[in-house]
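Participant: Below: one structure in structure tokens.
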Amino acid sequence: MSAIAREATAIDLTGLSCEPGIGKVILKPDSADLIEGVRVQAVDLWPDDRGYFLEVARLGTDLTRDFPLESTQISAALSYPGAIKAFHYHRHQTDCWLAVKGMFQVALVDLRPGSRTYGLRNTLYVGALRPWQILIPPGVGHGYKVIGTEPTMLVYLTDRFYDPKDEGRIGYNDPHIRYDWELQHK
């Protein structure tokens, strides 16, 4: 692990002890089970005989209304079936995710000791079948698994430019988080 990655992973997980599993499954954007500060918004999808149109974001409105125009970064990540990219967190950065192709199992865990939802985990199944924006505040660990048989595309906005010193990484199989990445409905 690089010196920068070690420096950023300053969150102490020794006080965190999650039960094995996937936490609360979020089935609607206004769920009372959401981690404090996480916000979800359904996005309209406009299909026709040519395909579909999906509006990713309108800067300055909705979930991105507090993102400064001068430092908002828009990125995309393509991932292959079965890939797990987890966990990481930010000290200062806020993310806004929208899965635009394929399906994702998104895992969130509250790593903020002072939060009323500290240690709570959320699972959201999002993507082409459920186009939701997910606002992820600083201190909330996040990651995903690609579900299905096709590659996926995640488009995400951040409220500041990428800074490796702001990001910390935690293994997908961390013994404190104990997230179960296996198929749940066998």
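Chain identifiers are assigned as A, B, and so on, following the order in which chains appear in the structure tokens; residues are numbered from 1 within each chain, and ligands are numbered from 1 in order of appearance.
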Counting only C-alpha atoms, which residues in range 98-124 of chain A sit no more than 8 Å from range 147-150 of chain A? For each one, give the nearest pair of atoms and the distance in Å, sorted by chain then residue number, as JSON lines.
Facilitator:
{"residue": "A:Gly102", "atom": "CA", "partner": "A:Glu150", "partner_atom": "CA", "distance": 6.4}
{"residue": "A:Met103", "atom": "CA", "partner": "A:Ile147", "partner_atom": "CA", "distance": 5.5}
{"residue": "A:Phe104", "atom": "CA", "partner": "A:Ile147", "partner_atom": "CA", "distance": 5.6}
{"residue": "A:Gln105", "atom": "CA", "partner": "A:Ile147", "partner_atom": "CA", "distance": 6.6}
Participant: List the spatial neighbours of range 39-56 of chain A as a PyMOL selection string - criterion: any atom at most 8 Å away, only C-alpha atoms, same-chain residues fewer than 6 positions off excluded.
Facilitator: chain A and resi 29-30+63+98+100+130-136+155
Participant: Counting only C-alpha atoms, which residues of range 7-35 of chain A sit at most 9 Å from some atom of range 178-181 of chain A, and what is each one's closest atom pair with its distance in Å to one decimal, listed by chain and rising residue number, as CSV?
Facilitator:
residue,atom,partner,partner_atom,distance
A:Ser17,CA,A:Arg178,CA,8.1
A:Cys18,CA,A:Arg178,CA,6.2
A:Glu19,CA,A:Arg178,CA,6.7
A:Pro20,CA,A:Arg178,CA,5.0
A:Gly21,CA,A:Asp180,CA,4.9
A:Ile22,CA,A:Tyr179,CA,5.5
A:Gly23,CA,A:Tyr179,CA,8.0
Participant: Atoms to include: N, CA and C atoms. Write the selected residues as a compact mmCIF listing (two decimals), in the first residue's frame.
Facilitator:
# COMPACT_ATOMS: atom_id res chain seq x y z
N SER A 17 -18.21 -3.16 14.57
CA SER A 17 -18.45 -4.60 14.55
C SER A 17 -19.84 -4.86 13.99
N CYS A 18 -19.90 -5.01 12.67
CA CYS A 18 -21.17 -5.27 12.00
C CYS A 18 -21.49 -6.75 12.05
N GLU A 19 -22.77 -7.07 12.11
CA GLU A 19 -23.21 -8.45 11.99
C GLU A 19 -22.95 -8.90 10.55
N PRO A 20 -22.66 -10.18 10.31
CA PRO A 20 -22.50 -10.64 8.93
C PRO A 20 -23.79 -10.40 8.15
N GLY A 21 -23.67 -10.07 6.87
CA GLY A 21 -24.84 -9.86 6.03
C GLY A 21 -24.68 -8.67 5.13
N ILE A 22 -25.81 -8.13 4.69
CA ILE A 22 -25.79 -7.00 3.76
C ILE A 22 -26.47 -5.75 4.33
N GLY A 23 -26.87 -5.80 5.58
CA GLY A 23 -27.51 -4.63 6.19
C GLY A 23 -28.93 -4.44 5.68
Participant: Please provide as a ChimeraX atom specification all residues within 10 Å of Gly139 in chain A, with the sequence filter that same-chain residues fewer than 5 positions apart are discarded (counting only C-alpha atoms).
Facilitator: /A:11,88-94,109-113,115,118,167-168
Participant: Could you check how far CA of Ser75 in chain A sits from CA of Asp166 in chain A, in Å to one decimal?
Facilitator: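 Between CA of Ser75 in chain A and CA of Asp166 in chain A the gap is 16.7 Å.
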Participant: Just list the residues in chain A DSSP gives strand (DSSP E) on the backbone, as a ChimeraX atom specification.
Facilitator: /A:24-25,39-42,45-48,51-54,73-79,84-90,95-101,103-110,121-127,132-136,140-147,152-158,167-169
Participant: Using C-alpha atoms, can you export the residues from the last selection as a PDB file, in the first residue's frame?
Facilitator:
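selection_25.pdb, written as the output of this step:
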ATOM      1  CA  LYS A  24     -30.738  -2.851   5.305  1.00  0.00           C
ATOM      2  CA  VAL A  25     -31.882  -3.274   1.700  1.00  0.00           C
ATOM      3  CA  ARG A  39     -29.854  10.588  -0.220  1.00  0.00           C
ATOM      4  CA  VAL A  40     -31.474   8.743  -3.091  1.00  0.00           C
ATOM      5  CA  GLN A  41     -33.486  10.103  -5.980  1.00  0.00           C
ATOM      6  CA  ALA A  42     -35.199   8.216  -8.794  1.00  0.00           C
ATOM      7  CA  LEU A  45     -35.805   7.204 -18.075  1.00  0.00           C
ATOM      8  CA  TRP A  46     -37.389   7.945 -21.464  1.00  0.00           C
ATOM      9  CA  PRO A  47     -37.474   4.800 -23.656  1.00  0.00           C
ATOM     10  CA  ASP A  48     -38.616   4.570 -27.257  1.00  0.00           C
ATOM     11  CA  GLY A  51     -33.266   3.083 -27.106  1.00  0.00           C
ATOM     12  CA  TYR A  52     -33.608   5.423 -24.156  1.00  0.00           C
ATOM     13  CA  PHE A  53     -32.630   8.831 -22.823  1.00  0.00           C
ATOM     14  CA  LEU A  54     -31.473   9.269 -19.245  1.00  0.00           C
ATOM     15  CA  GLN A  73     -15.732  16.465 -11.548  1.00  0.00           C
ATOM     16  CA  ILE A  74     -17.728  14.028 -13.706  1.00  0.00           C
ATOM     17  CA  SER A  75     -16.256  10.567 -14.217  1.00  0.00           C
ATOM     18  CA  ALA A  76     -17.292   7.140 -15.484  1.00  0.00           C
ATOM     19  CA  ALA A  77     -16.227   3.613 -14.570  1.00  0.00           C
ATOM     20  CA  LEU A  78     -16.799   0.524 -16.698  1.00  0.00           C
ATOM     21  CA  SER A  79     -16.782  -2.775 -14.771  1.00  0.00           C
ATOM     22  CA  ILE A  84     -16.298  -6.115  -6.790  1.00  0.00           C
ATOM     23  CA  LYS A  85     -14.930  -2.626  -6.187  1.00  0.00           C
ATOM     24  CA  ALA A  86     -15.044  -2.012  -2.448  1.00  0.00           C
ATOM     25  CA  PHE A  87     -14.631  -0.383  -0.051  1.00  0.00           C
ATOM     26  CA  HIS A  88     -13.363   3.166  -0.112  1.00  0.00           C
ATOM     27  CA  TYR A  89     -14.351   6.418   1.557  1.00  0.00           C
ATOM     28  CA  HIS A  90     -13.535  10.105   1.445  1.00  0.00           C
ATOM     29  CA  ASP A  95     -20.094  11.555  -4.481  1.00  0.00           C
ATOM     30  CA  CYS A  96     -23.262  11.374  -6.546  1.00  0.00           C
ATOM     31  CA  TRP A  97     -23.567   8.043  -8.364  1.00  0.00           C
ATOM     32  CA  LEU A  98     -25.828   6.996 -11.234  1.00  0.00           C
ATOM     33  CA  ALA A  99     -25.567   3.528 -12.761  1.00  0.00           C
ATOM     34  CA  VAL A 100     -26.374   4.046 -16.451  1.00  0.00           C
ATOM     35  CA  LYS A 101     -25.782   0.540 -17.848  1.00  0.00           C
ATOM     36  CA  MET A 103     -27.038  -3.602 -12.640  1.00  0.00           C
ATOM     37  CA  PHE A 104     -25.091  -2.965  -9.442  1.00  0.00           C
ATOM     38  CA  GLN A 105     -25.318  -4.169  -5.868  1.00  0.00           C
ATOM     39  CA  VAL A 106     -24.192  -1.017  -4.055  1.00  0.00           C
ATOM     40  CA  ALA A 107     -22.910  -1.430  -0.501  1.00  0.00           C
ATOM     41  CA  LEU A 108     -22.663   1.490   1.932  1.00  0.00           C
ATOM     42  CA  VAL A 109     -21.387   1.516   5.521  1.00  0.00           C
ATOM     43  CA  ASP A 110     -21.372   4.455   7.939  1.00  0.00           C
ATOM     44  CA  ARG A 121     -24.936  -0.839   6.277  1.00  0.00           C
ATOM     45  CA  ASN A 122     -27.233  -0.261   3.307  1.00  0.00           C
ATOM     46  CA  THR A 123     -27.576  -2.305   0.128  1.00  0.00           C
ATOM     47  CA  LEU A 124     -29.150  -0.807  -2.989  1.00  0.00           C
ATOM     48  CA  TYR A 125     -29.810  -2.645  -6.248  1.00  0.00           C
ATOM     49  CA  VAL A 126     -29.547   0.026  -8.928  1.00  0.00           C
ATOM     50  CA  GLY A 127     -28.944   0.396 -12.631  1.00  0.00           C
ATOM     51  CA  TRP A 132     -31.437   6.046  -8.959  1.00  0.00           C
ATOM     52  CA  GLN A 133     -28.950   8.754  -8.095  1.00  0.00           C
ATOM     53  CA  ILE A 134     -27.178   8.058  -4.800  1.00  0.00           C
ATOM     54  CA  LEU A 135     -25.576  10.896  -2.837  1.00  0.00           C
ATOM     55  CA  ILE A 136     -22.757   9.543  -0.656  1.00  0.00           C
ATOM     56  CA  VAL A 140     -19.528   6.707   4.347  1.00  0.00           C
ATOM     57  CA  GLY A 141     -17.698   3.694   2.945  1.00  0.00           C
ATOM     58  CA  HIS A 142     -18.968   2.632  -0.446  1.00  0.00           C
ATOM     59  CA  GLY A 143     -18.455   0.010  -3.095  1.00  0.00           C
ATOM     60  CA  TYR A 144     -20.287  -2.224  -5.491  1.00  0.00           C
ATOM     61  CA  LYS A 145     -20.556  -5.582  -7.167  1.00  0.00           C
ATOM     62  CA  VAL A 146     -21.598  -5.952 -10.793  1.00  0.00           C
ATOM     63  CA  ILE A 147     -24.588  -8.274 -10.984  1.00  0.00           C
ATOM     64  CA  THR A 152     -21.803  -1.954 -16.361  1.00  0.00           C
ATOM     65  CA  MET A 153     -21.216   1.775 -16.496  1.00  0.00           C
ATOM     66  CA  LEU A 154     -21.265   3.997 -13.432  1.00  0.00           C
ATOM     67  CA  VAL A 155     -21.295   7.753 -13.997  1.00  0.00           C
ATOM     68  CA  TYR A 156     -20.480   9.764 -10.916  1.00  0.00           C
ATOM     69  CA  LEU A 157     -20.075  13.380  -9.951  1.00  0.00           C
ATOM     70  CA  THR A 158     -17.856  14.579  -7.131  1.00  0.00           C
ATOM     71  CA  GLU A 167      -9.464   8.766  -0.180  1.00  0.00           C
ATOM     72  CA  GLY A 168      -9.089   5.740   2.067  1.00  0.00           C
ATOM     73  CA  ARG A 169      -9.438   2.109   1.094  1.00  0.00           C
TER      74      ARG A 169
END
Participant: Need the shell around range 64-68 of chain A: protein/DNA/RNA residues with any atom at most 8 Å away, counting only C-alpha atoms. Skip same-chain ones fewer than 3 positions apart. Format as number ranges by chain?
Facilitator: A: 57-61, 71-72, 96, 158-160
